>>> print(open('protein_9.cif').read())   # mmCIF, C-alpha atoms
data_structure
#
loop_
_atom_site.group_PDB
_atom_site.id
_atom_site.type_symbol
_atom_site.label_atom_id
_atom_site.label_comp_id
_atom_site.auth_asym_id
_atom_site.auth_seq_id
_atom_site.Cartn_x
_atom_site.Cartn_y
_atom_site.Cartn_z
ATOM 1 C CA MET A 1 39.398 -2.909 -40.726
ATOM 2 C CA VAL A 2 39.816 -3.749 -44.394
ATOM 3 C CA THR A 3 40.714 -0.777 -46.569
ATOM 4 C CA ASP A 4 40.236 -2.374 -49.976
ATOM 5 C CA GLY A 5 36.472 -2.715 -50.121
ATOM 6 C CA VAL A 6 34.302 -4.998 -52.176
ATOM 7 C CA LEU A 7 30.848 -3.612 -52.872
ATOM 8 C CA THR A 8 28.085 -6.131 -53.541
ATOM 9 C CA ARG A 9 24.625 -5.106 -54.697
ATOM 10 C CA GLY A 10 21.923 -6.881 -52.707
ATOM 11 C CA ALA A 11 18.151 -6.850 -52.770
ATOM 12 C CA PHE A 12 17.958 -4.336 -49.920
ATOM 13 C CA GLY A 13 21.089 -2.284 -50.567
ATOM 14 C CA TRP A 14 24.826 -2.692 -50.679
ATOM 15 C CA THR A 15 26.635 -5.290 -48.604
ATOM 16 C CA THR A 16 30.245 -4.489 -47.952
ATOM 17 C CA ASP A 17 33.519 -6.063 -47.049
ATOM 18 C CA GLY A 18 35.292 -2.763 -46.373
ATOM 19 C CA ASN A 19 34.919 0.636 -44.739
ATOM 20 C CA PHE A 20 32.669 3.504 -45.778
ATOM 21 C CA THR A 21 35.413 5.912 -46.867
ATOM 22 C CA SER A 22 36.909 3.478 -49.369
ATOM 23 C CA LEU A 23 33.600 2.182 -50.727
ATOM 24 C CA CYS A 24 31.738 5.485 -50.977
ATOM 25 C CA PRO A 25 34.171 8.418 -50.898
ATOM 26 C CA ASN A 26 32.533 11.809 -50.338
ATOM 27 C CA GLY A 27 29.219 10.014 -49.797
ATOM 28 C CA SER A 28 26.407 10.880 -47.422
ATOM 29 C CA VAL A 29 26.808 9.004 -44.138
ATOM 30 C CA TRP A 30 23.116 8.977 -43.187
ATOM 31 C CA VAL A 31 22.085 7.656 -46.598
ATOM 32 C CA TRP A 32 24.687 4.915 -46.369
ATOM 33 C CA GLU A 33 23.759 3.892 -42.825
ATOM 34 C CA SER A 34 19.969 4.108 -43.184
ATOM 35 C CA LEU A 35 19.373 3.073 -46.809
ATOM 36 C CA ARG A 36 22.636 1.235 -47.606
ATOM 37 C CA GLU A 37 22.957 3.376 -50.727
ATOM 38 C CA CYS A 38 25.939 5.403 -51.945
ATOM 39 C CA ALA A 39 25.021 9.049 -52.597
ATOM 40 C CA GLN A 40 28.085 11.057 -53.608
ATOM 41 C CA ASP A 41 26.799 14.220 -55.245
ATOM 42 C CA GLY A 42 23.771 16.451 -55.652
ATOM 43 C CA ARG A 43 22.234 14.248 -58.334
ATOM 44 C CA ASP A 44 22.400 11.198 -56.079
ATOM 45 C CA MET A 45 20.872 13.137 -53.182
ATOM 46 C CA ALA A 46 18.073 14.415 -55.418
ATOM 47 C CA SER A 47 17.394 10.814 -56.418
ATOM 48 C CA ILE A 48 17.196 9.796 -52.738
ATOM 49 C CA TYR A 49 14.845 12.645 -51.788
ATOM 50 C CA LEU A 50 12.574 12.018 -54.772
ATOM 51 C CA GLY A 51 12.516 8.315 -53.945
ATOM 52 C CA LEU A 52 11.494 9.041 -50.360
ATOM 53 C CA LEU A 53 8.832 11.479 -51.591
ATOM 54 C CA SER A 54 7.452 8.833 -53.932
ATOM 55 C CA ILE A 55 7.139 6.391 -51.013
ATOM 56 C CA LEU A 56 5.212 8.994 -49.003
ATOM 57 C CA CYS A 57 2.906 9.639 -51.963
ATOM 58 C CA PHE A 58 2.202 5.954 -52.456
ATOM 59 C CA MET A 59 1.692 5.428 -48.718
ATOM 60 C CA GLY A 60 -0.834 8.261 -48.620
ATOM 61 C CA SER A 61 -2.564 7.412 -51.898
ATOM 62 C CA SER A 62 -4.566 4.528 -50.457
ATOM 63 C CA LEU A 63 -5.845 6.426 -47.413
ATOM 64 C CA PRO A 64 -8.353 8.638 -49.314
ATOM 65 C CA GLN A 65 -9.791 5.553 -51.005
ATOM 66 C CA TYR A 66 -10.175 3.814 -47.657
ATOM 67 C CA TYR A 67 -12.042 6.855 -46.333
ATOM 68 C CA SER A 68 -14.222 7.151 -49.435
ATOM 69 C CA SER A 69 -15.102 3.459 -49.266
ATOM 70 C CA CYS A 70 -16.127 3.690 -45.616
ATOM 71 C CA LYS A 71 -18.146 6.823 -46.323
ATOM 72 C CA THR A 72 -20.061 5.667 -49.419
ATOM 73 C CA GLY A 73 -20.060 1.915 -48.862
ATOM 74 C CA ASN A 74 -20.100 1.206 -52.610
ATOM 75 C CA MET A 75 -16.503 0.214 -53.163
ATOM 76 C CA ASP A 76 -17.589 -3.016 -54.844
ATOM 77 C CA SER A 77 -19.436 -1.110 -57.570
ATOM 78 C CA ALA A 78 -17.151 1.926 -57.803
ATOM 79 C CA LEU A 79 -13.883 0.049 -58.346
ATOM 80 C CA SER A 80 -13.301 -2.578 -60.997
ATOM 81 C CA ILE A 81 -12.231 -5.921 -59.589
ATOM 82 C CA TRP A 82 -9.895 -6.368 -62.563
ATOM 83 C CA PHE A 83 -8.297 -3.024 -61.761
ATOM 84 C CA LEU A 84 -7.473 -4.301 -58.264
ATOM 85 C CA LEU A 85 -6.353 -7.747 -59.424
ATOM 86 C CA LEU A 86 -4.097 -6.443 -62.194
ATOM 87 C CA TRP A 87 -2.696 -3.816 -59.845
ATOM 88 C CA LEU A 88 -1.892 -6.508 -57.277
ATOM 89 C CA GLY A 89 -0.360 -8.697 -59.980
ATOM 90 C CA GLY A 90 1.781 -5.813 -61.193
ATOM 91 C CA ASP A 91 2.934 -4.935 -57.679
ATOM 92 C CA THR A 92 3.744 -8.563 -56.864
ATOM 93 C CA CYS A 93 5.796 -8.947 -60.045
ATOM 94 C CA ASN A 94 7.411 -5.589 -59.293
ATOM 95 C CA LEU A 95 8.470 -6.830 -55.855
ATOM 96 C CA VAL A 96 9.879 -10.126 -57.112
ATOM 97 C CA GLY A 97 11.543 -8.460 -60.110
ATOM 98 C CA SER A 98 13.127 -5.736 -57.978
ATOM 99 C CA PHE A 99 14.533 -8.380 -55.654
ATOM 100 C CA LEU A 100 15.961 -10.560 -58.423
ATOM 101 C CA ALA A 101 17.236 -7.743 -60.655
ATOM 102 C CA ASP A 102 19.006 -5.956 -57.797
ATOM 103 C CA GLN A 103 17.193 -2.676 -58.270
ATOM 104 C CA LEU A 104 17.733 0.369 -56.065
ATOM 105 C CA PRO A 105 16.885 -0.225 -52.379
ATOM 106 C CA LEU A 106 14.149 2.421 -52.429
ATOM 107 C CA GLN A 107 12.499 0.564 -55.325
ATOM 108 C CA THR A 108 12.386 -2.616 -53.255
ATOM 109 C CA TYR A 109 11.079 -0.844 -50.151
ATOM 110 C CA THR A 110 8.337 0.819 -52.181
ATOM 111 C CA ALA A 111 7.372 -2.483 -53.824
ATOM 112 C CA VAL A 112 6.902 -4.131 -50.413
ATOM 113 C CA TYR A 113 4.440 -1.423 -49.370
ATOM 114 C CA TYR A 114 2.579 -1.739 -52.686
ATOM 115 C CA VAL A 115 1.682 -5.357 -51.963
ATOM 116 C CA PHE A 116 0.477 -4.576 -48.438
ATOM 117 C CA ALA A 117 -1.718 -1.688 -49.647
ATOM 118 C CA ASP A 118 -3.181 -3.776 -52.477
ATOM 119 C CA LEU A 119 -4.047 -6.667 -50.166
ATOM 120 C CA LEU A 120 -5.792 -4.313 -47.745
ATOM 121 C CA MET A 121 -7.794 -2.717 -50.550
ATOM 122 C CA LEU A 122 -8.790 -6.146 -51.847
ATOM 123 C CA ALA A 123 -9.871 -7.132 -48.341
ATOM 124 C CA MET A 124 -12.081 -4.046 -48.154
ATOM 125 C CA TYR A 125 -13.515 -4.818 -51.578
ATOM 126 C CA LEU A 126 -14.446 -8.323 -50.394
ATOM 127 C CA TYR A 127 -15.975 -6.935 -47.219
ATOM 128 C CA TYR A 128 -18.269 -4.521 -49.059
ATOM 129 C CA LYS A 129 -19.037 -7.148 -51.677
ATOM 130 C CA MET A 130 -20.311 -9.558 -49.043
ATOM 131 C CA ARG A 131 -21.938 -6.876 -46.924
ATOM 132 C CA ASN A 132 -23.995 -5.507 -49.804
ATOM 133 C CA ARG A 133 -24.923 -9.063 -50.835
ATOM 134 C CA MET A 134 -24.628 -8.350 -54.539
ATOM 135 C CA ALA A 135 -25.169 -11.226 -56.970
ATOM 136 C CA GLU A 136 -21.708 -12.537 -57.750
ATOM 137 C CA ASN A 137 -20.349 -15.854 -58.819
ATOM 138 C CA ARG A 138 -18.871 -17.710 -55.866
ATOM 139 C CA ARG A 139 -15.980 -18.878 -57.991
ATOM 140 C CA ALA A 140 -14.866 -15.301 -58.538
ATOM 141 C CA LEU A 141 -14.824 -14.688 -54.776
ATOM 142 C CA HIS A 142 -12.867 -17.878 -54.173
ATOM 143 C CA ALA A 143 -10.410 -16.944 -56.916
ATOM 144 C CA LEU A 144 -10.070 -13.467 -55.412
ATOM 145 C CA GLY A 145 -9.304 -14.922 -51.992
ATOM 146 C CA LEU A 146 -6.770 -17.275 -53.562
ATOM 147 C CA VAL A 147 -5.058 -14.347 -55.309
ATOM 148 C CA CYS A 148 -4.859 -12.496 -51.981
ATOM 149 C CA VAL A 149 -3.230 -15.495 -50.312
ATOM 150 C CA LEU A 150 -0.798 -15.988 -53.193
ATOM 151 C CA GLY A 151 0.123 -12.301 -53.234
ATOM 152 C CA PHE A 152 0.686 -12.318 -49.466
ATOM 153 C CA THR A 153 2.778 -15.473 -49.705
ATOM 154 C CA ALA A 154 4.851 -14.141 -52.605
ATOM 155 C CA SER A 155 5.673 -10.986 -50.677
ATOM 156 C CA PHE A 156 7.235 -12.961 -47.832
ATOM 157 C CA ALA A 157 8.466 -16.110 -49.523
ATOM 158 C CA HIS A 158 12.199 -16.642 -49.363
ATOM 159 C CA LEU A 159 13.447 -16.345 -52.905
ATOM 160 C CA PRO A 160 16.489 -18.479 -53.785
ATOM 161 C CA ARG A 161 19.548 -16.539 -54.770
ATOM 162 C CA LEU A 162 20.811 -17.569 -58.187
ATOM 163 C CA GLY A 163 24.139 -15.884 -57.756
ATOM 164 C CA THR A 164 25.885 -12.817 -56.466
ATOM 165 C CA GLN A 165 27.432 -10.004 -58.349
ATOM 166 C CA GLN A 166 30.476 -8.251 -57.002
ATOM 167 C CA GLU A 167 32.227 -5.151 -58.131
ATOM 168 C CA VAL A 168 35.549 -3.924 -56.779
ATOM 169 C CA ILE A 169 35.274 -0.194 -56.225
ATOM 170 C CA PRO A 170 38.628 1.617 -56.104
ATOM 171 C CA SER A 171 39.195 4.370 -53.595
ATOM 172 C CA GLY A 172 39.092 6.963 -56.390
ATOM 173 C CA PHE A 173 35.583 5.917 -57.497
ATOM 174 C CA ARG A 174 33.456 8.692 -58.975
ATOM 175 C CA GLY A 175 29.823 8.484 -60.007
ATOM 176 C CA ARG A 176 28.731 9.329 -63.549
ATOM 177 C CA ALA A 177 25.706 11.462 -64.237
ATOM 178 C CA LEU A 178 22.982 9.728 -66.196
ATOM 179 C CA LEU A 179 22.372 12.758 -68.390
ATOM 180 C CA SER A 180 26.039 13.397 -69.199
ATOM 181 C CA THR A 181 27.272 13.016 -72.769
ATOM 182 C CA SER A 182 30.163 10.636 -72.175
ATOM 183 C CA ASP A 183 29.146 6.993 -72.708
ATOM 184 C CA ASP A 184 31.068 4.113 -74.202
ATOM 185 C CA GLY A 185 27.799 2.650 -75.536
ATOM 186 C CA SER A 186 28.433 -0.792 -74.084
ATOM 187 C CA ILE A 187 25.649 -2.577 -72.196
ATOM 188 C CA LYS A 188 26.511 -4.366 -68.986
ATOM 189 C CA ALA A 189 25.797 -8.078 -69.282
ATOM 190 C CA PHE A 190 22.832 -9.478 -67.363
ATOM 191 C CA THR A 191 23.395 -12.229 -64.836
ATOM 192 C CA PRO A 192 20.942 -15.183 -64.886
ATOM 193 C CA LYS A 193 19.292 -13.770 -61.784
ATOM 194 C CA GLU A 194 18.924 -10.355 -63.386
ATOM 195 C CA ILE A 195 17.434 -11.872 -66.540
ATOM 196 C CA ILE A 196 14.663 -13.474 -64.494
ATOM 197 C CA GLY A 197 14.107 -10.242 -62.580
ATOM 198 C CA PHE A 198 14.084 -8.202 -65.794
ATOM 199 C CA SER A 199 11.493 -10.544 -67.334
ATOM 200 C CA ILE A 200 9.256 -10.400 -64.264
ATOM 201 C CA GLY A 201 9.652 -6.614 -64.178
ATOM 202 C CA SER A 202 8.528 -6.455 -67.808
ATOM 203 C CA VAL A 203 5.408 -8.474 -66.937
ATOM 204 C CA SER A 204 4.820 -6.049 -64.067
ATOM 205 C CA SER A 205 4.898 -3.019 -66.371
ATOM 206 C CA VAL A 206 2.391 -4.657 -68.751
ATOM 207 C CA LEU A 207 0.032 -5.443 -65.858
ATOM 208 C CA TYR A 208 0.299 -1.859 -64.633
ATOM 209 C CA LEU A 209 -0.648 -0.506 -68.049
ATOM 210 C CA PHE A 210 -3.602 -2.874 -68.476
ATOM 211 C CA SER A 211 -4.859 -2.376 -64.908
ATOM 212 C CA ARG A 212 -6.155 1.121 -65.707
ATOM 213 C CA LEU A 213 -8.323 0.023 -68.620
ATOM 214 C CA PRO A 214 -10.997 -1.839 -66.568
ATOM 215 C CA GLN A 215 -11.371 1.144 -64.213
ATOM 216 C CA MET A 216 -11.671 3.530 -67.145
ATOM 217 C CA TYR A 217 -14.389 1.294 -68.602
ATOM 218 C CA THR A 218 -16.192 1.055 -65.240
ATOM 219 C CA ASN A 219 -16.242 4.853 -64.932
ATOM 220 C CA PHE A 220 -17.475 5.192 -68.515
ATOM 221 C CA LYS A 221 -20.192 2.563 -68.026
ATOM 222 C CA ARG A 222 -21.458 4.129 -64.783
ATOM 223 C CA LYS A 223 -21.020 7.670 -66.103
ATOM 224 C CA SER A 224 -19.855 8.409 -62.590
ATOM 225 C CA THR A 225 -16.790 8.284 -60.369
ATOM 226 C CA GLU A 226 -18.758 8.211 -57.123
ATOM 227 C CA GLY A 227 -17.057 6.007 -54.573
ATOM 228 C CA VAL A 228 -13.646 6.430 -56.222
ATOM 229 C CA SER A 229 -11.265 8.845 -54.551
ATOM 230 C CA PHE A 230 -9.703 11.425 -56.851
ATOM 231 C CA PHE A 231 -6.767 11.767 -54.464
ATOM 232 C CA LEU A 232 -5.959 8.088 -54.983
ATOM 233 C CA PHE A 233 -4.994 8.765 -58.593
ATOM 234 C CA ALA A 234 -3.618 12.265 -57.909
ATOM 235 C CA LEU A 235 -1.129 10.915 -55.371
ATOM 236 C CA VAL A 236 -0.316 7.927 -57.603
ATOM 237 C CA ILE A 237 0.478 10.349 -60.431
ATOM 238 C CA LEU A 238 2.768 12.351 -58.148
ATOM 239 C CA GLY A 239 4.308 9.160 -56.771
ATOM 240 C CA ASN A 240 5.003 7.690 -60.212
ATOM 241 C CA THR A 241 6.504 10.978 -61.393
ATOM 242 C CA THR A 242 8.893 11.288 -58.457
ATOM 243 C CA TYR A 243 9.656 7.555 -58.633
ATOM 244 C CA GLY A 244 10.639 7.765 -62.304
ATOM 245 C CA LEU A 245 12.716 10.895 -61.737
ATOM 246 C CA SER A 246 14.431 9.226 -58.796
ATOM 247 C CA VAL A 247 15.592 6.369 -61.022
ATOM 248 C CA LEU A 248 16.624 8.696 -63.857
ATOM 249 C CA LEU A 249 18.662 11.007 -61.641
ATOM 250 C CA LYS A 250 20.629 8.241 -59.940
ATOM 251 C CA ASN A 251 24.241 8.005 -61.059
ATOM 252 C CA PRO A 252 25.091 4.709 -62.799
ATOM 253 C CA GLU A 253 27.418 2.325 -61.057
ATOM 254 C CA GLY A 254 31.133 2.448 -61.728
ATOM 255 C CA GLY A 255 31.983 1.020 -65.136
ATOM 256 C CA GLN A 256 28.365 1.212 -66.299
ATOM 257 C CA GLY A 257 27.304 3.692 -68.974
ATOM 258 C CA GLU A 258 24.077 5.669 -69.168
ATOM 259 C CA ARG A 259 22.641 3.485 -71.908
ATOM 260 C CA SER A 260 23.327 0.315 -69.945
ATOM 261 C CA TYR A 261 21.762 1.858 -66.829
ATOM 262 C CA LEU A 262 18.570 2.730 -68.708
ATOM 263 C CA ILE A 263 18.306 -0.759 -70.205
ATOM 264 C CA HIS A 264 18.624 -2.410 -66.796
ATOM 265 C CA HIS A 265 15.894 -0.177 -65.324
ATOM 266 C CA LEU A 266 13.651 0.047 -68.393
ATOM 267 C CA PRO A 267 10.707 -2.124 -67.177
ATOM 268 C CA TRP A 268 10.370 -0.121 -63.969
ATOM 269 C CA LEU A 269 10.565 3.180 -65.827
ATOM 270 C CA ILE A 270 7.836 2.060 -68.236
ATOM 271 C CA GLY A 271 5.730 0.786 -65.359
ATOM 272 C CA SER A 272 5.897 4.117 -63.511
ATOM 273 C CA LEU A 273 6.058 6.736 -66.264
ATOM 274 C CA GLY A 274 3.961 4.751 -68.754
ATOM 275 C CA THR A 275 0.897 4.725 -66.503
ATOM 276 C CA LEU A 276 0.912 8.501 -66.116
ATOM 277 C CA SER A 277 -1.033 9.068 -69.354
ATOM 278 C CA LEU A 278 -3.722 6.563 -68.335
ATOM 279 C CA ASP A 279 -3.987 8.056 -64.841
ATOM 280 C CA LEU A 280 -4.399 11.475 -66.426
ATOM 281 C CA ILE A 281 -7.278 10.121 -68.529
ATOM 282 C CA ILE A 282 -8.950 8.839 -65.357
ATOM 283 C CA SER A 283 -8.436 12.284 -63.813
ATOM 284 C CA ILE A 284 -10.228 13.800 -66.813
ATOM 285 C CA GLN A 285 -13.104 11.376 -66.192
ATOM 286 C CA PHE A 286 -13.414 12.785 -62.681
ATOM 287 C CA LEU A 287 -13.839 16.278 -64.124
ATOM 288 C CA MET A 288 -16.280 15.172 -66.833
ATOM 289 C CA TYR A 289 -18.583 13.152 -64.622
ATOM 290 C CA ARG A 290 -18.478 15.632 -61.777
ATOM 291 C CA LYS A 291 -19.831 18.307 -64.109
ATOM 292 C CA THR A 292 -22.515 15.889 -65.284
ATOM 293 C CA ALA A 293 -23.535 15.149 -61.695
ATOM 294 C CA VAL A 294 -23.697 18.872 -60.858
ATOM 295 C CA ALA A 295 -25.854 19.519 -63.937
ATOM 296 C CA LEU A 296 -28.258 16.719 -62.992
ATOM 297 C CA ASP A 297 -28.543 17.987 -59.423
ATOM 298 C CA SER A 298 -29.283 21.534 -60.573
ATOM 299 C CA SER A 299 -31.884 20.261 -63.041
ATOM 300 C CA TYR A 300 -33.554 18.253 -60.301
ATOM 301 C CA ASP A 301 -33.672 21.255 -57.974
ATOM 302 C CA GLU A 302 -35.302 23.434 -60.636
ATOM 303 C CA ARG A 303 -38.054 20.880 -61.248
ATOM 304 C CA THR A 304 -38.756 20.207 -57.565
ATOM 305 C CA PRO A 305 -42.086 21.831 -56.588
ATOM 306 C CA LEU A 306 -42.014 24.374 -53.826
ATOM 307 C CA ILE A 307 -45.035 22.826 -52.113
ATOM 308 C CA LYS A 308 -45.302 19.072 -52.105
ATOM 309 C CA SER A 309 -48.783 17.656 -52.420
#
>>> encode(input="protein_9.cif", output="structure tokens")
Amino acid sequence: MVTDGVLTRGAFGWTTDGNFTSLCPNGSVWVWESLRECAQDGRDMASIYLGLLSILCFMGSSLPQYYSSCKTGNMDSALSIWFLLLWLGGDTCNLVGSFLADQLPLQTYTAVYYVFADLLMLAMYLYYKMRNRMAENRRALHALGLVCVLGFTASFAHLPRLGTQQEVIPSGFRGRALLSTSDDGSIKAFTPKEIIGFSIGSVSSVLYLFSRLPQMYTNFKRKSTEGVSFFLFALVILGNTTYGLSVLLKNPEGGQGERSYLIHHLPWLIGSLGTLSLDLIISIQFLMYRKTAVALDSSYDERTPLIKS
């Protein structure tokens, strides 16, 4: 077996031309074998655990909305179609950008699930839209179906590789903490493939930020959050928080400083941490309109006659 390893970052982890001990000394074996990621110290392991927790949060976030939609049957009026479309667009760009920019494997795995969850939610929206027979322009429905097909195709399309990036990792390799003070200040150059991925990731973060605005407006216009699951946004908030911390805690690659690491991951950090403030505003809307609904119900009960004529 080769002892001098060459470590190559791929879309779904590291590909190697050497053994584990030379490529990832003092690393966790199960992380390497299951996730193809090198975790050498406590900070790396914390990043892995937070990344896995974020995936669980995002996987569970859609389930309460599915239940609420089946229970109330008003998903088409409770959720903004632009919220779903922009969310799908952001997740699709996130998936493509993560693949091209060689982001962390957990980022890519999470992005794949995003697209599946969004397509299922869009399918449910279409179902309730047609079932309730609400007046809607047929072009919008056709466009929505086209977006679903394009999103599904983009998630499985084989993307051409524009090049590979290899780094020779010596046997004495040691990770560098992101929050440490030592940094040469240099920024690692982007490959053409990473430039495309970085650009698509930036578009993804913008779509994420703008996706919340239509839902906020829909809640404000209806003066109600009925049909929208609070746990959807609560779990998304927790998922985005753990996702952002997972990226921040990960040790930079060998020869890469903290500043360079942040620059290369900036769009995904903005996309996850930047939406937290908007999700918190939506959470406040849940509290505001729930109190309004309780007040209206109590007022109605007080005015209801004891004996109906």
>>> residues_near_point(input="protein_9.cif", point="(14.7, -10.3, -58.4)", cutoff="7 Å", atoms="all atoms listed in the file", output="VMD selection string")
chain A and resid 96 to 102 193 to 194 196 to 197
>>> residues_around(input="protein_9.cif", residues="A:Asp41", least_positions_apart="3", cutoff="8 Å", atoms="all atoms listed in the file", output="PyMOL selection string")
chain A and resi 26-27+44-45
>>> residues_near_point(input="protein_9.cif", point="(-10.9, 2.6, -64.3)", cutoff="9 Å", atoms="all atoms listed in the file", output="list in words")
Leu79, Ser80, Phe83, Ser211, Arg212, Leu213, Pro214, Gln215, Met216, Tyr217, Thr218, Asn219, Phe220, Asp279 and Ile282 of chain A
>>> atom_distance(input="protein_9.cif", atom1="atom CA of A:Leu85", atom2="atom CA of A:Tyr208")
10.3 Å
>>> closest_residue(input="protein_9.cif", among="A:Asp91, A:Glu253, A:Glu258, A:Glu37", to="A:Val112", atoms="only C-alpha atoms")
A:Asp91
>>> decode(input="protein_9.cif", residues="stretch 88-100 of chain A", atoms="N, CA and C atoms", output="short mmCIF file (atom, residue, chain, number, x, y, z; two decimals), in the first residue's frame")
data_model
loop_
_atom_site.label_atom_id
_atom_site.label_comp_id
_atom_site.auth_asym_id
_atom_site.auth_seq_id
_atom_site.Cartn_x
_atom_site.Cartn_y
_atom_site.Cartn_z
N LEU A 88 -36.97 26.42 -3.06
CA LEU A 88 -36.49 25.39 -3.96
C LEU A 88 -35.33 25.90 -4.81
N GLY A 89 -35.46 27.13 -5.32
CA GLY A 89 -34.36 27.69 -6.10
C GLY A 89 -33.09 27.83 -5.30
N GLY A 90 -33.22 28.27 -4.04
CA GLY A 90 -32.04 28.38 -3.18
C GLY A 90 -31.41 27.04 -2.89
N ASP A 91 -32.25 26.02 -2.62
CA ASP A 91 -31.72 24.69 -2.32
C ASP A 91 -31.07 24.05 -3.54
N THR A 92 -31.65 24.29 -4.73
CA THR A 92 -31.06 23.74 -5.95
C THR A 92 -29.70 24.37 -6.22
N CYS A 93 -29.63 25.70 -6.10
CA CYS A 93 -28.34 26.38 -6.28
C CYS A 93 -27.35 25.95 -5.21
N ASN A 94 -27.85 25.73 -4.00
CA ASN A 94 -26.98 25.27 -2.91
C ASN A 94 -26.38 23.91 -3.24
N LEU A 95 -27.20 23.02 -3.80
CA LEU A 95 -26.70 21.69 -4.17
C LEU A 95 -25.65 21.76 -5.26
N VAL A 96 -25.95 22.50 -6.32
CA VAL A 96 -25.00 22.62 -7.43
C VAL A 96 -23.73 23.33 -6.98
N GLY A 97 -23.90 24.41 -6.20
CA GLY A 97 -22.73 25.16 -5.72
C GLY A 97 -21.86 24.34 -4.80
N SER A 98 -22.48 23.55 -3.91
CA SER A 98 -21.71 22.71 -3.00
C SER A 98 -20.91 21.67 -3.77
N PHE A 99 -21.50 21.15 -4.83
CA PHE A 99 -20.82 20.14 -5.64
C PHE A 99 -19.63 20.76 -6.37
N LEU A 100 -19.83 21.92 -6.98
CA LEU A 100 -18.78 22.54 -7.78
C LEU A 100 -17.68 23.15 -6.92
#
